[in-house]
file target.csv (CSV, C-alpha atoms and all ligand atoms)
chain,number,residue,atom,x,y,z
A,7,MET,CA,7.0,-17.5,-3.6
A,8,ARG,CA,6.2,-13.9,-2.9
A,9,LYS,CA,3.4,-13.0,-0.5
A,10,LYS,CA,-0.1,-12.0,-1.6
A,11,ILE,CA,-1.3,-8.9,0.2
A,12,ILE,CA,-4.7,-7.3,0.6
A,13,ALA,CA,-4.5,-4.0,2.4
A,14,ALA,CA,-7.4,-1.7,3.4
A,15,ASN,CA,-6.8,2.0,3.3
A,16,TRP,CA,-9.7,3.6,5.3
A,17,LYS,CA,-8.4,7.1,4.5
A,18,MET,CA,-10.2,9.7,6.7
A,19,ASN,CA,-13.2,7.6,7.5
A,20,LYS,CA,-14.5,6.0,10.7
A,21,THR,CA,-14.5,7.2,14.3
A,22,ILE,CA,-12.9,5.0,16.9
A,23,ASN,CA,-16.1,3.1,17.6
A,24,GLU,CA,-16.9,2.8,14.0
A,25,SER,CA,-13.4,1.4,13.4
A,26,ILE,CA,-13.8,-1.3,16.0
A,27,HIS,CA,-17.2,-2.2,14.6
A,28,LEU,CA,-15.7,-2.5,11.1
A,29,VAL,CA,-12.9,-4.7,12.4
A,30,GLU,CA,-15.3,-7.0,14.2
A,31,GLU,CA,-17.6,-7.2,11.2
A,32,THR,CA,-14.7,-8.0,8.9
A,33,LEU,CA,-13.4,-10.7,11.2
A,34,SER,CA,-16.9,-12.2,11.6
A,35,LEU,CA,-17.3,-12.5,7.8
A,36,LEU,CA,-14.0,-14.1,7.2
A,37,PRO,CA,-14.4,-17.9,7.2
A,38,ALA,CA,-12.1,-19.7,9.6
A,39,ASP,CA,-9.8,-20.9,6.8
A,40,HIS,CA,-9.4,-17.5,5.4
A,41,PRO,CA,-7.3,-15.7,4.4
A,42,ARG,CA,-5.5,-18.8,3.1
A,43,ASP,CA,-2.6,-17.2,1.3
A,44,ALA,CA,-3.0,-13.5,1.8
A,45,VAL,CA,-1.6,-11.2,4.4
A,46,VAL,CA,-4.4,-8.8,5.3
A,47,ILE,CA,-3.6,-5.3,6.5
A,48,LEU,CA,-6.1,-2.8,7.9
A,49,CYS,CA,-5.0,0.9,7.9
A,50,PRO,CA,-7.4,3.0,9.9
A,51,PRO,CA,-6.9,6.7,10.8
A,52,PHE,CA,-4.2,7.3,13.4
A,53,ILE,CA,-6.7,7.9,16.2
A,54,SER,CA,-8.0,4.3,15.9
A,55,LEU,CA,-4.7,2.6,15.3
A,56,ALA,CA,-4.0,1.4,18.8
A,57,LYS,CA,-7.5,0.1,19.3
A,58,VAL,CA,-7.6,-1.7,15.9
A,59,SER,CA,-4.2,-3.3,16.7
A,60,GLU,CA,-5.5,-4.5,20.0
A,61,ALA,CA,-8.6,-6.0,18.3
A,62,LEU,CA,-6.3,-7.9,15.9
A,63,GLN,CA,-3.8,-8.9,18.6
A,64,ASN,CA,-4.5,-12.7,18.5
A,65,ASN,CA,-4.9,-12.8,14.8
A,66,LYS,CA,-1.9,-14.3,12.9
A,67,LYS,CA,-2.8,-13.1,9.4
A,68,ILE,CA,-4.5,-9.8,9.8
A,69,PHE,CA,-2.3,-6.8,10.8
A,70,SER,CA,-2.7,-3.1,11.3
A,71,GLY,CA,-0.9,-0.3,9.5
A,72,ALA,CA,-0.8,3.5,9.4
A,73,GLN,CA,-1.6,5.7,6.5
A,74,ASN,CA,1.4,8.0,6.8
A,75,CYS,CA,4.2,9.0,9.2
A,76,HIS,CA,6.8,11.8,9.7
A,77,TRP,CA,10.4,11.4,8.6
A,78,GLU,CA,11.8,12.2,12.1
A,79,ASN,CA,11.3,10.1,15.2
A,80,PHE,CA,10.4,12.9,17.5
A,81,GLY,CA,10.6,16.7,17.7
A,82,ALA,CA,8.9,20.0,17.2
A,83,TYR,CA,6.5,18.9,14.4
A,84,THR,CA,3.1,19.9,15.7
A,85,GLY,CA,0.3,17.5,14.6
A,86,GLU,CA,2.6,14.9,13.2
A,87,ILE,CA,3.1,11.2,14.1
A,88,SER,CA,6.4,9.3,14.0
A,89,ALA,CA,7.2,5.7,13.0
A,90,ALA,CA,8.2,5.0,16.6
A,91,MET,CA,4.8,6.1,17.8
A,92,ILE,CA,3.1,3.9,15.1
A,93,LYS,CA,5.2,1.0,16.3
A,94,SER,CA,4.1,1.7,19.9
A,95,ALA,CA,0.5,1.5,18.7
A,96,GLY,CA,1.1,-2.1,17.7
A,97,ALA,CA,1.1,-1.5,13.9
A,98,GLY,CA,3.5,-3.3,11.5
A,99,TYR,CA,3.0,-1.4,8.3
A,100,VAL,CA,3.0,2.2,7.0
A,101,ILE,CA,1.5,3.5,3.7
A,102,LEU,CA,3.9,6.0,2.2
A,103,GLY,CA,3.5,8.4,-0.6
A,104,HIS,CA,-0.2,7.9,-1.3
A,105,SER,CA,-1.2,10.1,-4.2
A,106,GLU,CA,-3.6,12.1,-1.9
A,107,ARG,CA,-0.6,13.0,0.3
A,108,ARG,CA,1.5,13.9,-2.7
A,109,GLN,CA,-1.3,16.0,-4.1
A,110,TYR,CA,-2.9,17.7,-1.0
A,111,PHE,CA,0.1,17.8,1.3
A,112,ASN,CA,2.9,18.3,-1.3
A,113,GLU,CA,4.9,15.3,-0.3
A,114,THR,CA,8.0,15.0,-2.4
A,115,ASN,CA,10.0,12.0,-3.5
A,116,GLU,CA,12.9,13.3,-1.3
A,117,GLN,CA,10.7,13.4,1.8
A,118,LEU,CA,9.4,9.9,1.0
A,119,ALA,CA,13.0,8.6,0.8
A,120,GLN,CA,13.5,9.9,4.3
A,121,LYS,CA,10.2,8.4,5.5
A,122,ALA,CA,11.2,5.0,4.1
A,123,ASN,CA,14.4,5.2,6.1
A,124,THR,CA,12.6,6.0,9.3
A,125,VAL,CA,9.9,3.4,8.8
A,126,LEU,CA,12.5,0.6,8.1
A,127,SER,CA,14.7,1.7,10.9
A,128,GLU,CA,11.8,1.1,13.3
A,129,GLY,CA,11.3,-2.4,11.8
A,130,LEU,CA,8.1,-1.4,10.2
A,131,ILE,CA,7.2,-2.3,6.6
A,132,PRO,CA,6.5,0.5,4.1
A,133,ILE,CA,3.8,0.2,1.5
A,134,PHE,CA,5.2,2.6,-1.0
A,135,CYS,CA,2.7,4.1,-3.4
A,136,CYS,CA,3.4,5.2,-6.9
A,137,GLY,CA,1.2,6.1,-9.8
A,138,GLU,CA,0.5,8.6,-12.5
A,139,PRO,CA,-2.3,11.2,-12.8
A,140,LEU,CA,-4.5,11.2,-15.9
A,141,ASN,CA,-2.6,13.9,-17.8
A,142,ILE,CA,0.6,12.0,-17.5
A,143,ARG,CA,-0.9,8.8,-18.9
A,144,GLU,CA,-2.5,10.8,-21.7
A,145,SER,CA,0.8,12.3,-22.6
A,146,ASN,CA,2.3,8.8,-22.5
A,147,THR,CA,5.0,9.7,-20.0
A,148,HIS,CA,3.7,7.4,-17.2
A,149,PHE,CA,6.7,5.0,-17.4
A,150,GLU,CA,9.1,7.9,-16.8
A,151,LEU,CA,7.1,9.2,-13.9
A,152,LEU,CA,6.9,5.8,-12.2
A,153,GLN,CA,10.6,5.4,-12.7
A,154,GLU,CA,11.3,8.8,-11.1
A,155,GLN,CA,9.0,8.1,-8.1
A,156,ILE,CA,10.5,4.7,-7.4
A,157,THR,CA,14.1,5.6,-8.1
A,158,LYS,CA,14.0,8.7,-5.9
A,159,GLY,CA,11.8,7.3,-3.2
A,160,LEU,CA,13.3,3.8,-2.8
A,161,PHE,CA,16.4,3.0,-4.7
A,162,HIS,CA,18.8,4.6,-2.2
A,163,LEU,CA,18.0,1.7,0.1
A,164,MET,CA,20.5,-1.1,0.6
A,165,GLU,CA,19.4,-4.5,-0.7
A,166,ASP,CA,18.6,-5.9,2.7
A,167,GLU,CA,16.4,-2.9,3.5
A,168,PHE,CA,14.6,-3.0,0.2
A,169,ARG,CA,13.7,-6.7,0.7
A,170,HIS,CA,11.1,-5.5,3.3
A,171,VAL,CA,9.4,-3.1,0.9
A,172,ILE,CA,5.9,-3.5,-0.5
A,173,ILE,CA,5.1,-1.4,-3.6
A,174,ALA,CA,1.5,-0.2,-4.4
A,175,TYR,CA,0.8,0.9,-8.0
A,176,GLU,CA,-2.2,3.2,-7.8
A,177,PRO,CA,-3.0,5.1,-11.0
A,178,VAL,CA,-4.4,8.4,-9.8
A,179,TRP,CA,-7.1,8.4,-12.4
A,180,ALA,CA,-8.5,5.1,-11.0
A,181,ILE,CA,-8.6,6.2,-7.3
A,182,GLY,CA,-12.2,6.7,-6.1
A,183,THR,CA,-13.4,7.2,-9.6
A,184,GLY,CA,-14.9,3.8,-10.3
A,185,LYS,CA,-12.6,3.8,-13.4
A,186,VAL,CA,-10.4,0.8,-12.8
A,187,ALA,CA,-7.2,0.0,-14.7
A,188,SER,CA,-7.7,-2.9,-17.1
A,189,GLU,CA,-6.1,-6.1,-16.3
A,190,GLU,CA,-3.6,-5.5,-19.1
A,191,GLN,CA,-2.8,-1.9,-18.0
A,192,ALA,CA,-2.2,-3.1,-14.4
A,193,GLN,CA,0.0,-6.1,-15.5
A,194,GLU,CA,2.0,-3.8,-17.8
A,195,MET,CA,2.8,-1.4,-15.1
A,196,HIS,CA,3.5,-4.0,-12.5
A,197,GLU,CA,5.8,-5.8,-14.9
A,198,PHE,CA,7.6,-2.5,-15.5
A,199,ILE,CA,8.1,-1.9,-11.8
A,200,ARG,CA,9.5,-5.4,-11.4
A,201,HIS,CA,11.8,-4.7,-14.3
A,202,LEU,CA,13.1,-1.6,-12.5
A,203,ILE,CA,13.7,-3.6,-9.3
A,204,ARG,CA,15.5,-6.3,-11.2
A,205,LYS,CA,17.9,-3.7,-12.8
A,206,GLN,CA,18.6,-2.2,-9.3
A,207,TYR,CA,18.6,-5.2,-7.0
A,208,GLY,CA,18.7,-8.3,-9.2
A,209,GLU,CA,16.5,-11.2,-10.1
A,210,GLU,CA,16.0,-12.7,-6.7
A,211,VAL,CA,14.8,-9.4,-5.0
A,212,ALA,CA,12.6,-8.5,-8.0
A,213,GLY,CA,11.0,-11.9,-7.7
A,214,LEU,CA,10.3,-11.5,-4.0
A,215,THR,CA,8.9,-7.9,-3.9
A,216,PRO,CA,5.1,-7.8,-3.6
A,217,ILE,CA,3.6,-5.2,-6.0
A,218,ILE,CA,0.0,-4.6,-5.3
A,219,TYR,CA,-2.7,-2.7,-7.2
A,220,GLY,CA,-4.9,0.1,-6.0
A,221,GLY,CA,-7.7,2.1,-7.6
A,222,SER,CA,-11.4,1.2,-7.6
A,223,MET,CA,-10.7,-2.5,-6.8
A,224,LYS,CA,-13.9,-4.2,-5.8
A,225,PRO,CA,-15.4,-7.7,-5.7
A,226,SER,CA,-16.5,-7.6,-9.3
A,227,ASN,CA,-13.0,-6.8,-10.7
A,228,ALA,CA,-10.7,-8.2,-8.0
A,229,ARG,CA,-10.3,-11.7,-9.3
A,230,GLY,CA,-9.3,-10.6,-12.8
A,231,LEU,CA,-6.7,-8.1,-11.5
A,232,LEU,CA,-5.3,-10.5,-8.9
A,233,SER,CA,-4.9,-13.2,-11.5
A,234,GLN,CA,-2.3,-11.2,-13.4
A,235,PRO,CA,1.2,-12.6,-12.9
A,236,ASP,CA,2.8,-9.5,-11.5
A,237,VAL,CA,-0.2,-8.3,-9.4
A,238,ASP,CA,0.4,-9.6,-5.9
A,239,GLY,CA,-2.5,-8.1,-4.1
A,240,GLY,CA,-4.6,-4.9,-3.7
A,241,LEU,CA,-4.7,-1.7,-1.8
A,242,ILE,CA,-8.4,-1.0,-1.3
A,243,GLY,CA,-10.0,2.3,-0.4
A,244,GLY,CA,-13.8,2.6,-0.8
A,245,ALA,CA,-14.6,-1.1,-0.9
A,246,SER,CA,-12.7,-1.7,2.3
A,247,LEU,CA,-15.2,0.4,4.2
A,248,GLU,CA,-17.8,-2.3,3.6
A,249,ALA,CA,-16.8,-5.5,5.4
A,250,ALA,CA,-18.7,-7.7,3.0
A,251,ASP,CA,-17.0,-6.2,-0.1
A,252,PHE,CA,-13.6,-6.3,1.5
A,253,VAL,CA,-13.9,-9.9,2.5
A,254,GLU,CA,-15.1,-10.8,-1.0
A,255,ILE,CA,-11.9,-9.3,-2.3
A,256,ILE,CA,-9.8,-11.3,0.2
A,257,LYS,CA,-11.5,-14.4,-1.0
A,258,ALA,CA,-10.6,-13.5,-4.6
A,259,VAL,CA,-6.9,-14.1,-3.9
A,301,LIG,P1,-10.4,3.4,-4.0
A,301,LIG,O1,-10.4,1.9,-3.8
A,301,LIG,O2,-11.5,4.0,-3.3
A,301,LIG,O3,-10.3,3.7,-5.5
A,301,LIG,O4,-9.0,3.9,-3.4
A,301,LIG,C1,-7.8,3.3,-3.7
A,301,LIG,C2,-6.8,3.9,-2.8
A,301,LIG,O5,-6.5,5.0,-2.9
A,301,LIG,C3,-6.2,3.0,-1.8
A,301,LIG,O6,-5.1,3.6,-1.3
call {"tool": "encode", "arguments": {"input": "target.csv", "output": "structure tokens"}}
result
Amino acid sequence: MRKKIIAANWKMNKTINESIHLVEETLSLLPADHPRDAVVILCPPFISLAKVSEALQNNKKIFSGAQNCHWENFGAYTGEISAAMIKSAGAGYVILGHSERRQYFNETNEQLAQKANTVLSEGLIPIFCCGEPLNIRESNTHFELLQEQITKGLFHLMEDEFRHVIIAYEPVWAIGTGKVASEEQAQEMHEFIRHLIRKQYGEEVAGLTPIIYGGSMKPSNARGLLSQPDVDGGLIGGASLEAADFVEIIKAV
């Protein structure tokens, strides 16, 4: 059985104090027996990462993650943060290739391939994002784009490395727009991604790789999306900034 994963991407929101407050609120709203089957990951801004990790230290099912990292472990890269530093802050996960980083910071598939190497070599788990902008979907070339993003970003990995990867499908047109992918659209793309993994690494690895959905997921649509056979969880932006909404999504697993 592959894992169910609910990850919060806080993006550039919350000061350090606000971050701690949000963690405490989220923990207080989670009933003692939750999350039953889900691994929950909170990805705050870098500046809050160590504090958030500390606040989650005694928790066995809620972990912290970073939103990005550099592809080198140290060096003259002013303003950047390495996977080793993220690990030292107590985090276990790193979001890679979010569409906002591809769009605003020109991250390429080649850089992401290097970042995946660094993250894995530190023993961290990459949450690798892929997804098509609206014009690509409208021109019906979204399968090709996804194939390119995943092939170039991840398929250089050895099978034992790839086994640690989580993939997040985030259609760009659904991010922060309130326009969620339909359950059928999400399932279709997740099934396609799993098919690509099967061709590259075989049935067993394809069956074990968590593929999570991101893009306007909220309490009202989470249950439907999460009930799709190839949707193994969610990567949640806006709704993760409200503890009550985020906890409702966790409960929908
Ligand atoms: P929203 O949930 O705000 O649409 O953001 C999704 C996202 O980008 C998560 O990484």
call {"tool": "residues_near_ligand", "arguments": {"input": "target.csv", "ligand": "ligand LIG 301 (chain A)", "cutoff": "7 Å", "atoms": "all atoms listed in the file", "output": "number ranges by chain"}}
result
A: 15, 104, 176, 180-184, 220-223, 241-245
call {"tool": "closest_residue", "arguments": {"input": "target.csv", "among": "A:Glu189, A:Glu194, A:Glu138, A:Glu30", "to": "Gln109 (chain A)", "atoms": "all atoms listed in the file"}}
result
A:Glu138
call {"tool": "closest_atom_pairs", "arguments": {"input": "target.csv", "of": "region 165-202 of chain A", "to": "region 87-102 of chain A", "cutoff": "12 Å", "atoms": "all atoms listed in the file", "output": "tab-separated table"}}
result
residue	atom	partner	partner_atom	distance
A:His170	CA	A:Tyr99	CA	10.4
A:Val171	CA	A:Tyr99	CA	9.9
A:Ile172	CA	A:Ile101	CA	9.3
A:Ile173	CA	A:Leu102	CA	9.5
A:Ala174	CA	A:Ile101	CA	8.9
A:Tyr175	CA	A:Leu102	CA	11.8
call {"tool": "atom_distance", "arguments": {"input": "target.csv", "atom1": "CA of Ile11 (chain A)", "atom2": "CA of Lys67 (chain A)"}}
result
10.2 Å
call {"tool": "residues_near_point", "arguments": {"input": "target.csv", "point": "(12.1, 7.5, -3.7)", "cutoff": "12 Å", "atoms": "all atoms listed in the file", "output": "PyMOL selection string"}}
result
chain A and resi 102-103+113-123+132+134-136+151-163+168+171+173
call {"tool": "atom_distance", "arguments": {"input": "target.csv", "atom1": "CA of Gln206 (chain A)", "atom2": "CA of Cys75 (chain A)"}}
result
26.0 Å
call {"tool": "decode", "arguments": {"input": "target.csv", "residues": "region 164-178 of chain A", "atoms": "all heavy atoms", "output": "short mmCIF file (atom, residue, chain, number, x, y, z; two decimals), in the first residue's frame"}}
result
data_model
loop_
_atom_site.label_atom_id
_atom_site.label_comp_id
_atom_site.auth_asym_id
_atom_site.auth_seq_id
_atom_site.Cartn_x
_atom_site.Cartn_y
_atom_site.Cartn_z
N MET A 164 18.45 6.38 -10.17
CA MET A 164 18.46 4.92 -10.07
C MET A 164 17.16 4.50 -9.38
O MET A 164 16.58 5.28 -8.61
CB MET A 164 19.65 4.44 -9.23
CG MET A 164 21.00 4.94 -9.68
SD MET A 164 21.44 4.29 -11.29
CE MET A 164 21.78 2.58 -10.86
N GLU A 165 16.78 3.26 -9.61
CA GLU A 165 15.50 2.82 -9.04
C GLU A 165 15.46 2.98 -7.52
O GLU A 165 14.47 3.43 -6.95
CB GLU A 165 15.26 1.35 -9.40
CG GLU A 165 13.90 0.88 -8.95
CD GLU A 165 13.77 -0.63 -8.96
OE1 GLU A 165 13.97 -1.24 -10.03
OE2 GLU A 165 13.44 -1.19 -7.89
N ASP A 166 16.56 2.66 -6.83
CA ASP A 166 16.52 2.76 -5.37
C ASP A 166 16.47 4.21 -4.89
O ASP A 166 16.06 4.48 -3.76
CB ASP A 166 17.68 1.98 -4.71
CG ASP A 166 19.03 2.53 -5.12
OD1 ASP A 166 19.12 3.17 -6.18
OD2 ASP A 166 20.00 2.31 -4.38
N GLU A 167 16.87 5.14 -5.73
CA GLU A 167 16.71 6.56 -5.38
C GLU A 167 15.27 6.99 -5.66
O GLU A 167 14.62 7.65 -4.85
CB GLU A 167 17.65 7.43 -6.23
CG GLU A 167 19.12 7.18 -5.97
CD GLU A 167 20.00 7.92 -6.97
OE1 GLU A 167 19.68 7.92 -8.19
OE2 GLU A 167 21.02 8.46 -6.53
N PHE A 168 14.77 6.58 -6.82
CA PHE A 168 13.42 7.01 -7.21
C PHE A 168 12.35 6.54 -6.22
O PHE A 168 11.33 7.19 -6.05
CB PHE A 168 13.08 6.53 -8.63
CG PHE A 168 11.79 7.08 -9.13
CD1 PHE A 168 11.74 8.33 -9.74
CD2 PHE A 168 10.59 6.40 -8.93
CE1 PHE A 168 10.53 8.87 -10.16
CE2 PHE A 168 9.39 6.93 -9.35
CZ PHE A 168 9.36 8.17 -9.96
N ARG A 169 12.61 5.44 -5.57
CA ARG A 169 11.65 4.89 -4.60
C ARG A 169 11.30 5.88 -3.49
O ARG A 169 10.29 5.72 -2.81
CB ARG A 169 12.22 3.62 -3.96
CG ARG A 169 12.06 2.39 -4.79
CD ARG A 169 12.79 1.22 -4.16
NE ARG A 169 12.67 0.03 -4.97
CZ ARG A 169 11.69 -0.86 -4.87
NH1 ARG A 169 10.76 -0.70 -3.95
NH2 ARG A 169 11.63 -1.91 -5.67
N HIS A 170 12.15 6.87 -3.27
CA HIS A 170 11.89 7.84 -2.20
C HIS A 170 11.08 9.05 -2.67
O HIS A 170 10.71 9.90 -1.86
CB HIS A 170 13.22 8.34 -1.61
CG HIS A 170 14.04 7.24 -1.03
ND1 HIS A 170 13.73 6.65 0.17
CD2 HIS A 170 15.14 6.59 -1.50
CE1 HIS A 170 14.61 5.69 0.42
NE2 HIS A 170 15.47 5.64 -0.57
N VAL A 171 10.85 9.14 -3.97
CA VAL A 171 10.28 10.37 -4.54
C VAL A 171 8.75 10.43 -4.35
O VAL A 171 8.05 9.42 -4.50
CB VAL A 171 10.62 10.45 -6.05
CG1 VAL A 171 9.88 11.59 -6.73
CG2 VAL A 171 12.13 10.59 -6.24
N ILE A 172 8.27 11.63 -4.05
CA ILE A 172 6.83 11.92 -4.09
C ILE A 172 6.64 12.86 -5.28
O ILE A 172 7.42 13.79 -5.48
CB ILE A 172 6.37 12.65 -2.81
CG1 ILE A 172 6.56 11.76 -1.57
CG2 ILE A 172 4.91 13.11 -2.92
CD1 ILE A 172 6.40 12.50 -0.25
N ILE A 173 5.59 12.61 -6.08
CA ILE A 173 5.31 13.51 -7.21
C ILE A 173 4.03 14.29 -6.90
O ILE A 173 3.06 13.73 -6.37
CB ILE A 173 5.16 12.71 -8.52
CG1 ILE A 173 6.52 12.09 -8.87
CG2 ILE A 173 4.67 13.62 -9.66
CD1 ILE A 173 6.57 11.36 -10.18
N ALA A 174 4.07 15.60 -7.19
CA ALA A 174 2.87 16.43 -7.03
C ALA A 174 2.45 16.93 -8.40
O ALA A 174 3.23 17.59 -9.09
CB ALA A 174 3.16 17.61 -6.10
N TYR A 175 1.23 16.57 -8.80
CA TYR A 175 0.68 17.11 -10.05
C TYR A 175 -0.10 18.38 -9.70
O TYR A 175 -1.09 18.32 -8.96
CB TYR A 175 -0.23 16.10 -10.74
CG TYR A 175 -1.01 16.73 -11.88
CD1 TYR A 175 -0.34 17.29 -12.97
CD2 TYR A 175 -2.40 16.80 -11.86
CE1 TYR A 175 -1.04 17.90 -14.00
CE2 TYR A 175 -3.11 17.41 -12.89
CZ TYR A 175 -2.41 17.97 -13.95
OH TYR A 175 -3.10 18.59 -14.97
N GLU A 176 0.38 19.50 -10.23
CA GLU A 176 -0.26 20.78 -9.95
C GLU A 176 -0.51 21.53 -11.26
O GLU A 176 0.39 22.22 -11.76
CB GLU A 176 0.64 21.64 -9.06
CG GLU A 176 0.92 21.06 -7.70
CD GLU A 176 1.23 22.14 -6.67
OE1 GLU A 176 2.08 23.01 -6.94
OE2 GLU A 176 0.59 22.13 -5.63
N PRO A 177 -1.71 21.39 -11.82
CA PRO A 177 -2.00 22.16 -13.04
C PRO A 177 -1.94 23.65 -12.71
O PRO A 177 -2.59 24.09 -11.76
CB PRO A 177 -3.43 21.71 -13.40
CG PRO A 177 -4.00 21.07 -12.18
CD PRO A 177 -2.86 20.60 -11.34
N VAL A 178 -1.13 24.38 -13.46
CA VAL A 178 -0.87 25.79 -13.10
C VAL A 178 -2.16 26.61 -13.11
O VAL A 178 -2.35 27.50 -12.29
CB VAL A 178 0.19 26.39 -14.07
CG1 VAL A 178 0.49 27.83 -13.71
CG2 VAL A 178 1.47 25.56 -14.03
#
